[in-house]
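See below for the structure under consideration.
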Amino acid sequence: MIRRVLAGVVAIGATVLAGSPAGFAQQPEPDPGVTVQLNDDTAYELGLVNKYVHGDSNVALARCPGGDGLKAPKSTTFSSPVLRIGKYDYGPLIGVPANVSAEVELKEGTAPGSYPLTVNCNGKPYTATFTVPPRQVSAVPSGAAHAGDGSMAS
């Protein structure tokens, strides 16, 4: 009787080890590599990643696997308390590690500081932090010296 039980245990153990991948070999899937950021560096301008650029176009970018081929799922969305987000593009982008993008615009009255940008990818939120720098003065202050038009030059 003991011999039969022992033989049964050995047979079950051999089946688990040799047979199904559901035994010891199965491991959890790695992180799918979701990314999220505001803007991307270019060949001629660095330091743009996760920085809002006043007076220029700004783009939310993410890589969200699970769509149609290289495209992100249409359910992928961005959110931020200080950005208006629109004009989504669900497709691979050339030269940028992303497959979804959206145009963003800073909401009026947003103070300089750090803010979250979140992408909802396959039902899970992923967040990056971006900075809003102070605005540069674009007008000449009243009472400032003005340069001449060159008419008095000799």
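Scheme for the structure tokens: letters A, B, ... for chains in order shown; per-chain residue numbers from 1; ligand numbers from 1 in order shown.
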
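Within the 8 Å cut-off around region 40-53 of chain A, using only C-alpha atoms and omitting residues fewer than 3 positions from it on the same chain, the listed residues are Gln37, Asp56, Ser57, Asn58, Val96, Ala128, Thr129, Phe130, Thr131, Val132 and Pro133 of chain A.
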
Would you give me, as JSON lines, each residue of region 46-78 of chain A having an atom within 12 Å of an atom of region 114-127 of chain A, along with its shortest atom pair and that distance in Å to one decimal, using only C-alpha atoms and sorting by chain and residue number?
{"residue": "A:Asn50", "atom": "CA", "partner": "A:Leu117", "partner_atom": "CA", "distance": 9.0}
{"residue": "A:Lys51", "atom": "CA", "partner": "A:Ser114", "partner_atom": "CA", "distance": 9.1}
{"residue": "A:Tyr52", "atom": "CA", "partner": "A:Ser114", "partner_atom": "CA", "distance": 10.0}
{"residue": "A:Val59", "atom": "CA", "partner": "A:Leu117", "partner_atom": "CA", "distance": 11.1}
{"residue": "A:Ala60", "atom": "CA", "partner": "A:Leu117", "partner_atom": "CA", "distance": 8.0}
{"residue": "A:Leu61", "atom": "CA", "partner": "A:Val119", "partner_atom": "CA", "distance": 8.8}
{"residue": "A:Ala62", "atom": "CA", "partner": "A:Val119", "partner_atom": "CA", "distance": 7.1}
{"residue": "A:Arg63", "atom": "CA", "partner": "A:Cys121", "partner_atom": "CA", "distance": 8.6}
{"residue": "A:Cys64", "atom": "CA", "partner": "A:Cys121", "partner_atom": "CA", "distance": 5.7}
{"residue": "A:Pro65", "atom": "CA", "partner": "A:Cys121", "partner_atom": "CA", "distance": 8.0}
{"residue": "A:Gly66", "atom": "CA", "partner": "A:Asn122", "partner_atom": "CA", "distance": 7.5}
{"residue": "A:Gly67", "atom": "CA", "partner": "A:Asn122", "partner_atom": "CA", "distance": 9.3}
{"residue": "A:Ala72", "atom": "CA", "partner": "A:Cys121", "partner_atom": "CA", "distance": 8.5}
{"residue": "A:Pro73", "atom": "CA", "partner": "A:Asn122", "partner_atom": "CA", "distance": 7.5}
{"residue": "A:Lys74", "atom": "CA", "partner": "A:Cys121", "partner_atom": "CA", "distance": 9.7}
{"residue": "A:Ser75", "atom": "CA", "partner": "A:Asn122", "partner_atom": "CA", "distance": 7.3}
{"residue": "A:Thr76", "atom": "CA", "partner": "A:Cys121", "partner_atom": "CA", "distance": 5.2}
{"residue": "A:Thr77", "atom": "CA", "partner": "A:Asn120", "partner_atom": "CA", "distance": 5.3}
{"residue": "A:Phe78", "atom": "CA", "partner": "A:Val119", "partner_atom": "CA", "distance": 4.4}

Just-selected residues, C-alpha atoms written as a tab-separated table (two decimals), in the first residue's frame:
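Below is the file result-v3.tsv, written as the result:
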chain	number	residue	atom	x	y	z
A	50	ASN	CA	8.15	67.33	-19.01
A	51	LYS	CA	8.35	71.13	-19.36
A	52	TYR	CA	5.52	73.32	-20.58
A	59	VAL	CA	1.98	67.74	-26.72
A	60	ALA	CA	1.13	64.99	-24.23
A	61	LEU	CA	2.80	61.72	-25.26
A	62	ALA	CA	2.40	58.14	-24.08
A	63	ARG	CA	3.19	54.58	-25.05
A	64	CYS	CA	0.23	52.36	-24.24
A	65	PRO	CA	0.36	48.76	-25.54
A	66	GLY	CA	-2.70	46.77	-26.47
A	67	GLY	CA	-4.16	48.61	-29.44
A	72	ALA	CA	-2.68	52.70	-28.69
A	73	PRO	CA	-6.19	51.59	-27.69
A	74	LYS	CA	-8.85	54.23	-28.46
A	75	SER	CA	-9.75	54.15	-24.75
A	76	THR	CA	-6.39	55.77	-23.86
A	77	THR	CA	-6.89	59.26	-22.39
A	78	PHE	CA	-4.80	61.99	-20.78

Computed interatomic separation between CA of Arg135 (chain A) and CA of Gly95 (chain A) (Å):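 Calculated distance between CA of Arg135 (chain A) and CA of Gly95 (chain A) is 29.0 Å.
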
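Pairwise distance (CA of Pro134 (chain A), CA of Thr35 (chain A)) equals 26.4 Å.
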
DSSP-assigned strand (DSSP E) among region 21-148 of chain A, expressed as a count of residues only: 46

Pairwise distance for CA of Glu103 (chain A) and CA of Leu70 (chain A), rounded to one decimal in Å: 19.9 Å

Within 9 Å of Lys107 (chain A) using only C-alpha atoms, minus same-chain residues under 5 positions, as a list in words: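 Final neighbour list, sorted by chain and number: Pro81, Val82, Leu83 and Arg84 of chain A.
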
Store the residues picked out above, limited to all heavy atoms, as a tab-separated table (two decimals), in the first residue's frame.
chain	number	residue	atom	x	y	z
A	81	PRO	N	-4.91	68.53	-14.06
A	81	PRO	CA	-5.76	69.59	-13.51
A	81	PRO	C	-5.49	70.96	-14.13
A	81	PRO	O	-6.30	71.86	-13.99
A	81	PRO	CB	-5.42	69.58	-12.02
A	81	PRO	CG	-4.07	68.96	-11.92
A	81	PRO	CD	-3.98	67.99	-13.06
A	82	VAL	N	-4.36	71.13	-14.84
A	82	VAL	CA	-4.01	72.46	-15.36
A	82	VAL	C	-3.93	72.51	-16.89
A	82	VAL	O	-3.53	73.54	-17.44
A	82	VAL	CB	-2.68	72.97	-14.75
A	82	VAL	CG1	-2.81	73.13	-13.24
A	82	VAL	CG2	-1.52	72.07	-15.11
A	83	LEU	N	-4.31	71.42	-17.57
A	83	LEU	CA	-4.22	71.40	-19.03
A	83	LEU	C	-5.57	71.14	-19.67
A	83	LEU	O	-6.35	70.32	-19.19
A	83	LEU	CB	-3.24	70.30	-19.49
A	83	LEU	CG	-1.79	70.44	-19.09
A	83	LEU	CD1	-1.01	69.19	-19.49
A	83	LEU	CD2	-1.16	71.69	-19.70
A	84	ARG	N	-5.83	71.83	-20.79
A	84	ARG	CA	-6.94	71.47	-21.67
A	84	ARG	C	-6.34	70.53	-22.71
A	84	ARG	O	-5.30	70.82	-23.29
A	84	ARG	CB	-7.52	72.72	-22.35
A	84	ARG	CG	-8.44	73.51	-21.45
A	84	ARG	CD	-9.20	74.59	-22.21
A	84	ARG	NE	-8.34	75.66	-22.72
A	84	ARG	CZ	-7.89	76.69	-22.00
A	84	ARG	NH1	-8.23	76.78	-20.74
A	84	ARG	NH2	-7.12	77.59	-22.54
